[in-house]
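Asker: Here you go, one structure.
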Amino acid sequence: MKNIKTLIAACALMLMGFSSSVMSDSSNFAGPYIGLQGSSVGVGVEGQQTGGADDVNEEAKAPVGITGVTAGYEVGYAIPVGSMFLLDIGGSFIDGAASLKTSSNDVAATESVKMVISDFMTGYVAPTLVLSDTSSLYIKLAYTEASVNVTGDITNPGDLQGDTYAIGTRTVLDSGIFIRAEAGMTDYDNVKSAGKGGISGQGGIATTTKFEADPTVAYGAISLGFRF
């Protein structure tokens with residue numbers, strides 16, 4: 001994530017450097033817009049389980065990586081800031097889900113645990129440099145939330161929150177139709193959960209068993225939309 005932040009900072013300096021040589025009109029990109037978004041998503045999770053019913057300090061680390069394709073939509077408003085810059089403010093919603101499944105190695109009981117991360121909502125600001133009458137380059141800084149649901153004998157860790165960093169281009173045609181291409185990464189807060197203890201006499205995951213995971217999402221997205 002540190003490398004991503006460094007890249008974004010370098011891109012910001014690059015945008016400032018370009019501003020002295022680019023001669024374009026930001027009004028071609030200004031105004032409200034809506035779009036449909038398709039994304040290819042890779043989810044990396046560094047998981048860890050500690051504790052157990054046998055009072056032994058067990059520890060198991062389980063890195064997980066999954067990929068998938070999701071779809072959603074975005075709405076926003078691009079505000080001109082001078083002749084070559086805009087401040088793009090908006091939000092997006094992805095109605096997709098990523099499922100993570102593992103098994104507890106609690107000595108007292110081995111049970112499957114499934115965590116589903118879904119309904120990704122993002123609010124963003126994207127400083128934008130106009131490169132030509134039809135093309136622009138932007139960096140995106142965003143706050144992202146996602147819902148979490150679990151099945152199995154563990155507590156629900158609650159919704160996820162994270163920071164998103166991205167870079168992309170937007171091409172706007174005279175008709176108002178635009179195409180956006182973007183690549184970025186979201187670093188979520190740690191997910192923490194614990195066993196519920198199950199039903200007395202029927203096994204379950206001990207309350208002393210703790211689960212912790214650090215999800216990171218990398219994505220590439222293409223949006224097709226309309227600027228009003």
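Residues are named by chain letter and number: chains run A, B, ... in the order of the structure tokens, numbers start at 1 in each chain, and ligands are numbered from 1 in the order shown.
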Do a neighbour search on segment 174-178 of chain A at 9 Å with only C-alpha atoms, toss out local chain neighbours closer than 6 positions, and write the hits as a PDB file with all heavy atoms, in the first residue's frame.
Answerer:
ATOM      1  N   ASN A  28     -15.346  20.988 -21.381  1.00  0.00           N
ATOM      2  CA  ASN A  28     -15.772  19.811 -22.146  1.00  0.00           C
ATOM      3  C   ASN A  28     -16.062  18.613 -21.244  1.00  0.00           C
ATOM      4  O   ASN A  28     -16.769  17.680 -21.646  1.00  0.00           O
ATOM      5  CB  ASN A  28     -14.693  19.413 -23.163  1.00  0.00           C
ATOM      6  CG  ASN A  28     -14.501  20.458 -24.248  1.00  0.00           C
ATOM      7  OD1 ASN A  28     -15.378  21.281 -24.480  1.00  0.00           O
ATOM      8  ND2 ASN A  28     -13.342  20.438 -24.888  1.00  0.00           N
ATOM      9  N   PHE A  29     -15.504  18.630 -20.022  1.00  0.00           N
ATOM     10  CA  PHE A  29     -15.652  17.504 -19.102  1.00  0.00           C
ATOM     11  C   PHE A  29     -16.541  17.848 -17.909  1.00  0.00           C
ATOM     12  O   PHE A  29     -16.868  16.972 -17.116  1.00  0.00           O
ATOM     13  CB  PHE A  29     -14.277  17.080 -18.583  1.00  0.00           C
ATOM     14  CG  PHE A  29     -13.337  16.617 -19.664  1.00  0.00           C
ATOM     15  CD1 PHE A  29     -12.588  17.535 -20.382  1.00  0.00           C
ATOM     16  CD2 PHE A  29     -13.209  15.276 -19.969  1.00  0.00           C
ATOM     17  CE1 PHE A  29     -11.723  17.111 -21.379  1.00  0.00           C
ATOM     18  CE2 PHE A  29     -12.355  14.849 -20.965  1.00  0.00           C
ATOM     19  CZ  PHE A  29     -11.611  15.772 -21.681  1.00  0.00           C
ATOM     20  N   TYR A  33     -22.730  13.508 -14.314  1.00  0.00           N
ATOM     21  CA  TYR A  33     -22.624  12.328 -15.178  1.00  0.00           C
ATOM     22  C   TYR A  33     -23.109  11.092 -14.435  1.00  0.00           C
ATOM     23  O   TYR A  33     -23.160  11.051 -13.205  1.00  0.00           O
ATOM     24  CB  TYR A  33     -21.181  12.127 -15.653  1.00  0.00           C
ATOM     25  CG  TYR A  33     -20.188  11.863 -14.552  1.00  0.00           C
ATOM     26  CD1 TYR A  33     -19.980  10.577 -14.046  1.00  0.00           C
ATOM     27  CD2 TYR A  33     -19.446  12.912 -14.000  1.00  0.00           C
ATOM     28  CE1 TYR A  33     -19.074  10.341 -13.037  1.00  0.00           C
ATOM     29  CE2 TYR A  33     -18.538  12.688 -12.989  1.00  0.00           C
ATOM     30  CZ  TYR A  33     -18.353  11.402 -12.507  1.00  0.00           C
ATOM     31  OH  TYR A  33     -17.450  11.165 -11.490  1.00  0.00           O
ATOM     32  N   GLY A  35     -22.830   6.562 -14.986  1.00  0.00           N
ATOM     33  CA  GLY A  35     -22.142   5.540 -15.753  1.00  0.00           C
ATOM     34  C   GLY A  35     -22.367   4.144 -15.211  1.00  0.00           C
ATOM     35  O   GLY A  35     -22.706   3.958 -14.035  1.00  0.00           O
ATOM     36  N   THR A 134     -10.802  15.914 -25.673  1.00  0.00           N
ATOM     37  CA  THR A 134     -11.582  14.701 -25.406  1.00  0.00           C
ATOM     38  C   THR A 134     -11.003  13.817 -24.300  1.00  0.00           C
ATOM     39  O   THR A 134     -11.698  12.918 -23.825  1.00  0.00           O
ATOM     40  CB  THR A 134     -11.704  13.842 -26.681  1.00  0.00           C
ATOM     41  OG1 THR A 134     -10.389  13.496 -27.150  1.00  0.00           O
ATOM     42  CG2 THR A 134     -12.459  14.596 -27.776  1.00  0.00           C
ATOM     43  N   SER A 223     -15.721   2.010 -17.314  1.00  0.00           N
ATOM     44  CA  SER A 223     -17.047   2.611 -17.174  1.00  0.00           C
ATOM     45  C   SER A 223     -17.489   3.198 -18.507  1.00  0.00           C
ATOM     46  O   SER A 223     -16.687   3.774 -19.247  1.00  0.00           O
ATOM     47  CB  SER A 223     -17.043   3.713 -16.112  1.00  0.00           C
ATOM     48  OG  SER A 223     -16.693   3.209 -14.854  1.00  0.00           O
ATOM     49  N   LEU A 224     -18.760   3.049 -18.789  1.00  0.00           N
ATOM     50  CA  LEU A 224     -19.395   3.670 -19.957  1.00  0.00           C
ATOM     51  C   LEU A 224     -20.549   4.500 -19.436  1.00  0.00           C
ATOM     52  O   LEU A 224     -21.432   3.984 -18.744  1.00  0.00           O
ATOM     53  CB  LEU A 224     -19.882   2.611 -20.931  1.00  0.00           C
ATOM     54  CG  LEU A 224     -20.589   3.128 -22.197  1.00  0.00           C
ATOM     55  CD1 LEU A 224     -19.632   3.936 -23.067  1.00  0.00           C
ATOM     56  CD2 LEU A 224     -21.172   1.966 -22.979  1.00  0.00           C
ATOM     57  N   GLY A 225     -20.539   5.797 -19.762  1.00  0.00           N
ATOM     58  CA  GLY A 225     -21.579   6.643 -19.195  1.00  0.00           C
ATOM     59  C   GLY A 225     -21.915   7.841 -20.059  1.00  0.00           C
ATOM     60  O   GLY A 225     -21.513   7.925 -21.223  1.00  0.00           O
ATOM     61  N   PHE A 226     -22.611   8.777 -19.429  1.00  0.00           N
ATOM     62  CA  PHE A 226     -23.072   9.969 -20.171  1.00  0.00           C
ATOM     63  C   PHE A 226     -22.886  11.208 -19.296  1.00  0.00           C
ATOM     64  O   PHE A 226     -23.286  11.220 -18.123  1.00  0.00           O
ATOM     65  CB  PHE A 226     -24.538   9.818 -20.556  1.00  0.00           C
ATOM     66  CG  PHE A 226     -25.050  10.938 -21.410  1.00  0.00           C
ATOM     67  CD1 PHE A 226     -24.765  11.002 -22.763  1.00  0.00           C
ATOM     68  CD2 PHE A 226     -25.818  11.956 -20.831  1.00  0.00           C
ATOM     69  CE1 PHE A 226     -25.235  12.049 -23.540  1.00  0.00           C
ATOM     70  CE2 PHE A 226     -26.300  13.001 -21.600  1.00  0.00           C
ATOM     71  CZ  PHE A 226     -26.002  13.045 -22.961  1.00  0.00           C
ATOM     72  N   ARG A 227     -22.279  12.238 -19.869  1.00  0.00           N
ATOM     73  CA  ARG A 227     -22.135  13.533 -19.202  1.00  0.00           C
ATOM     74  C   ARG A 227     -23.226  14.454 -19.691  1.00  0.00           C
ATOM     75  O   ARG A 227     -23.415  14.644 -20.888  1.00  0.00           O
ATOM     76  CB  ARG A 227     -20.771  14.145 -19.531  1.00  0.00           C
ATOM     77  CG  ARG A 227     -20.559  15.531 -18.946  1.00  0.00           C
ATOM     78  CD  ARG A 227     -19.276  16.158 -19.447  1.00  0.00           C
ATOM     79  NE  ARG A 227     -19.300  16.376 -20.903  1.00  0.00           N
ATOM     80  CZ  ARG A 227     -19.848  17.428 -21.490  1.00  0.00           C
ATOM     81  NH1 ARG A 227     -20.479  18.347 -20.779  1.00  0.00           N
ATOM     82  NH2 ARG A 227     -19.800  17.542 -22.798  1.00  0.00           N
ATOM     83  N   PHE A 228     -23.980  15.034 -18.755  1.00  0.00           N
ATOM     84  CA  PHE A 228     -25.107  15.879 -19.133  1.00  0.00           C
ATOM     85  C   PHE A 228     -24.653  17.307 -19.468  1.00  0.00           C
ATOM     86  O   PHE A 228     -23.670  17.794 -18.921  1.00  0.00           O
ATOM     87  CB  PHE A 228     -26.115  15.926 -17.982  1.00  0.00           C
ATOM     88  CG  PHE A 228     -26.738  14.571 -17.715  1.00  0.00           C
ATOM     89  CD1 PHE A 228     -26.202  13.751 -16.737  1.00  0.00           C
ATOM     90  CD2 PHE A 228     -27.817  14.127 -18.455  1.00  0.00           C
ATOM     91  CE1 PHE A 228     -26.768  12.509 -16.483  1.00  0.00           C
ATOM     92  CE2 PHE A 228     -28.382  12.883 -18.204  1.00  0.00           C
ATOM     93  CZ  PHE A 228     -27.837  12.075 -17.214  1.00  0.00           C
TER      94      PHE A 228
END
Asker: Which neighbours of Leu36 of chain A fall inside 12 Å, counting only C-alpha atoms, when residues of the same chain fewer than 3 positions from it are skipped, and could you give them as a VMD selection string?
Answerer: chain A and resid 33 39 70 to 75 91 to 95 177 to 181 221 to 226
Asker: When distances are computed from only C-alpha atoms, which of A:Gly76, A:Gly195, A:Gly42, A:Gly162 shows the smallest separation from Phe211 of chain A?
Answerer: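 Closest residue, counting only C-alpha atoms: A:Gly195.
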Asker: If we count only C-alpha atoms, what is near Val191 of chain A at a cut-off of 9 Å, once residues fewer than 2 positions away on the same chain are taken out, given as a PDB file with C-alpha atoms, in the first residue's frame?
Answerer:
ATOM      1  CA  PRO A 157     -17.141  -8.703  12.546  1.00  0.00           C
ATOM      2  CA  GLY A 158     -19.299  -5.855  11.223  1.00  0.00           C
ATOM      3  CA  ASP A 159     -18.958  -3.873   8.009  1.00  0.00           C
ATOM      4  CA  LEU A 160     -15.598  -3.083   6.408  1.00  0.00           C
ATOM      5  CA  TYR A 188      -9.533  -2.332   4.318  1.00  0.00           C
ATOM      6  CA  ASP A 189      -9.325  -2.256   8.097  1.00  0.00           C
ATOM      7  CA  SER A 193     -14.076 -12.302  14.871  1.00  0.00           C
ATOM      8  CA  PHE A 211      -9.991 -14.996  13.759  1.00  0.00           C
ATOM      9  CA  GLU A 212      -8.298 -11.997  12.158  1.00  0.00           C
ATOM     10  CA  ALA A 213      -7.905 -11.051   8.480  1.00  0.00           C
ATOM     11  CA  ASP A 214      -6.477  -8.115   6.543  1.00  0.00           C
ATOM     12  CA  PRO A 215      -8.328  -7.788   3.186  1.00  0.00           C
TER      13      PRO A 215
END
Asker: What's the separation between atom CA of Ala183 of chain A and atom CA of Gly168 of chain A, in Å to one decimal place?
Answerer: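 The value is 6.3 Å.
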Asker: Which residue is closest to Val41 of chain A? Choose from A:Ala146, A:Ile79, A:Val217, A:Ile167 and count only C-alpha atoms.
Answerer: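 That would be A:Val217, the residue with the smallest distance to Val41 of chain A.
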Asker: Determine the nearest neighbour of Gln161 of chain A from the options A:Lys140, A:Thr122, A:Asp133, A:Gly184, counting only C-alpha atoms.
Answerer: A:Thr122
Asker: I'd like to know which of A:Leu173, A:Gly82, A:Asn149, A:Ala206 is closest to Ser132 of chain A, using only C-alpha atoms.
Answerer: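 So, comparing all the options, the nearest one is A:Leu173.
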Asker: Please compute the atom CA of Val69 of chain A-atom CA of Gly38 of chain A distance, one decimal, in Å.
Answerer: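 Between atom CA of Val69 of chain A and atom CA of Gly38 of chain A the gap works out to 7.3 Å.
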Asker: Can you work out which one of A:Gln37, A:Thr208, A:Ser83, A:Thr186 has the shortest atom-to-atom distance to Leu129 of chain A, counting only C-alpha atoms?
Answerer: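 Comparing A:Gln37, A:Thr208, A:Ser83, A:Thr186 against Leu129 of chain A, the winner is A:Ser83.
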Asker: If we count only C-alpha atoms, what is near Ser26 of chain A at a cut-off of 12 Å, once residues fewer than 4 positions away on the same chain are taken out, given as a list in words?
Answerer: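 So the residues in contact are Ser19, Val22, Ala30, Gly31, Ala78, Ile79, Pro80, Val81, Gly82, Ser83, Met84, Phe85, Leu86, Leu87, Asp88, Thr128, Leu129, Val130, Leu131, Ser132, Asp133, Thr134, Ser135, Ser136, Leu137 and Val172 of chain A.
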